[in-house]
Amino acid sequence: MPALRPAAVVLAHGHASNKGAMLDYARFLREQGGYSVLLFDFRAMGESDGTLCTLGYYEGQDVAGAVAWLRSHPGVDAGRIGALGVSMGAATLLMMGDGLHQFRAVVSDASGGLAVSNAVAVTIDKTAP
């Protein structure tokens, strides 16, 4: 959905869901804010390949891929990319750690305990010898 200005928002859906669940957010951001939006399916969900969902642990790579695609798009200002995630999508965004610097703004809706438990696992994994 191209918009009238080059700012863009990546939309990250929840667990056991797909990009279609984010259509209301996409319409609102496009119609009310004039943003371009990118909807995608996390691995093992919707139209994406794979059979394993890691509840945000590896899904950050999916978000990074979406951002890389947006950055390469001539109609998007690479310095004006935001993200909005719901449930597992929200937790995934929060777990991206250093990867969050690529966003101008992040909205985390209902990440709940998923982000906390997964953040602990990521921290343990990153500090292991």
# chains A, B, ... in the order shown; residues from 1 in each chain; ligands from 1
>>> residues_around(residues="region 100-104 of chain A", least_positions_apart="4", cutoff="7 Å", atoms="only C-alpha atoms", output="list in words")
Gly79, Arg80, Ile81, Gly82, Ala83 and Met96 of chain A
>>> write_last_selection(atoms="all heavy atoms", output="compact mmCIF listing (two decimals), in the first residue's frame")
# COMPACT_ATOMS: atom_id res chain seq x y z
N GLY A 79 15.26 6.38 6.90
CA GLY A 79 15.33 6.96 8.24
C GLY A 79 13.98 7.18 8.88
O GLY A 79 13.90 7.69 10.00
N ARG A 80 12.92 6.81 8.18
CA ARG A 80 11.57 7.03 8.69
C ARG A 80 10.75 5.75 8.65
O ARG A 80 9.68 5.69 8.06
CB ARG A 80 10.89 8.14 7.89
CG ARG A 80 11.60 9.48 8.03
CD ARG A 80 10.92 10.58 7.26
NE ARG A 80 9.59 10.82 7.82
CZ ARG A 80 8.58 11.30 7.11
NH1 ARG A 80 8.73 11.59 5.83
NH2 ARG A 80 7.42 11.52 7.68
N ILE A 81 11.27 4.71 9.29
CA ILE A 81 10.58 3.42 9.35
C ILE A 81 10.23 3.14 10.81
O ILE A 81 11.08 3.22 11.69
CB ILE A 81 11.45 2.29 8.78
CG1 ILE A 81 11.72 2.54 7.29
CG2 ILE A 81 10.78 0.94 8.99
CD1 ILE A 81 12.69 1.56 6.66
N GLY A 82 8.97 2.81 11.03
CA GLY A 82 8.51 2.45 12.35
C GLY A 82 7.99 1.02 12.34
O GLY A 82 7.95 0.38 11.30
N ALA A 83 7.62 0.53 13.51
CA ALA A 83 7.08 -0.83 13.60
C ALA A 83 5.95 -0.87 14.61
O ALA A 83 5.98 -0.15 15.62
CB ALA A 83 8.18 -1.81 14.01
N MET A 96 14.25 -7.68 19.81
CA MET A 96 15.26 -7.40 18.79
C MET A 96 16.48 -6.68 19.36
O MET A 96 17.51 -6.61 18.72
CB MET A 96 14.66 -6.62 17.63
CG MET A 96 13.71 -7.47 16.79
SD MET A 96 13.02 -6.57 15.40
CE MET A 96 14.48 -6.43 14.34
>>> select_by_dssp(residues="region 5-121 of chain A", states="alpha helix (DSSP H)", output="CSV table (one decimal) with C-alpha atoms, in the first residue's frame")
chain,number,residue,atom,x,y,z
A,23,LEU,CA,-5.3,-5.2,7.9
A,24,ASP,CA,-7.3,-2.9,10.1
A,25,TYR,CA,-4.0,-1.4,11.4
A,26,ALA,CA,-2.8,-1.0,7.9
A,27,ARG,CA,-5.9,0.8,6.7
A,28,PHE,CA,-5.8,3.2,9.7
A,29,LEU,CA,-2.1,4.0,9.2
A,30,ARG,CA,-2.6,4.5,5.5
A,31,GLU,CA,-5.9,6.4,5.5
A,32,GLN,CA,-5.4,8.5,8.7
A,33,GLY,CA,-1.7,8.9,8.8
A,59,GLU,CA,11.2,-14.1,14.1
A,60,GLY,CA,13.3,-11.0,14.6
A,61,GLN,CA,15.2,-12.1,11.5
A,62,ASP,CA,11.9,-12.0,9.7
A,63,VAL,CA,11.3,-8.4,10.8
A,64,ALA,CA,14.9,-7.5,9.8
A,65,GLY,CA,14.2,-8.9,6.4
A,66,ALA,CA,11.1,-6.8,6.1
A,67,VAL,CA,13.0,-3.7,7.1
A,68,ALA,CA,15.8,-4.5,4.6
A,69,TRP,CA,13.2,-4.8,1.8
A,70,LEU,CA,11.6,-1.4,2.9
A,71,ARG,CA,15.1,0.3,3.0
A,72,SER,CA,15.7,-0.8,-0.6
A,88,MET,CA,4.0,-12.3,19.6
A,89,GLY,CA,4.8,-9.6,17.0
A,90,ALA,CA,5.1,-7.1,19.8
A,91,ALA,CA,7.3,-9.4,21.8
A,92,THR,CA,9.5,-10.0,18.8
A,93,LEU,CA,10.0,-6.3,18.3
A,94,LEU,CA,11.0,-5.9,21.9
A,95,MET,CA,13.4,-8.8,21.8
A,112,GLY,CA,2.6,-9.6,27.8
A,113,GLY,CA,4.9,-12.1,29.6
A,114,LEU,CA,6.0,-13.5,26.2
A,115,ALA,CA,8.5,-10.7,25.8
A,116,VAL,CA,9.9,-11.1,29.4
A,117,SER,CA,10.3,-14.9,29.2
A,118,ASN,CA,11.8,-14.8,25.8
A,119,ALA,CA,14.1,-11.8,26.7
A,120,VAL,CA,15.5,-13.9,29.5
A,121,ALA,CA,16.1,-16.8,27.2
>>> closest_residue(among="A:Met45, A:Ala78, A:Leu39, A:Leu11", to="Asp109 (chain A)", atoms="only C-alpha atoms")
A:Leu11
>>> atom_distance(atom1="CA of Val37 (chain A)", atom2="CA of Val10 (chain A)")
5.9 Å
>>> select_by_dssp(residues="region 40-96 of chain A", states="strand (DSSP E or B)", output="ChimeraX atom specification")
/A:81-86
>>> atom_distance(atom1="CA of Tyr35 (chain A)", atom2="CA of Ala8 (chain A)")
5.3 Å
>>> atom_distance(atom1="CA of Gly14 (chain A)", atom2="CA of Asp77 (chain A)")
26.4 Å
>>> closest_residue(among="A:Ala16, A:Leu38, A:Cys53, A:Val106", to="Leu84 (chain A)", atoms="only C-alpha atoms")
A:Val106
>>> closest_residue(among="A:Ala105, A:His13, A:Phe42, A:Tyr57", to="Ser87 (chain A)", atoms="only C-alpha atoms")
A:His13
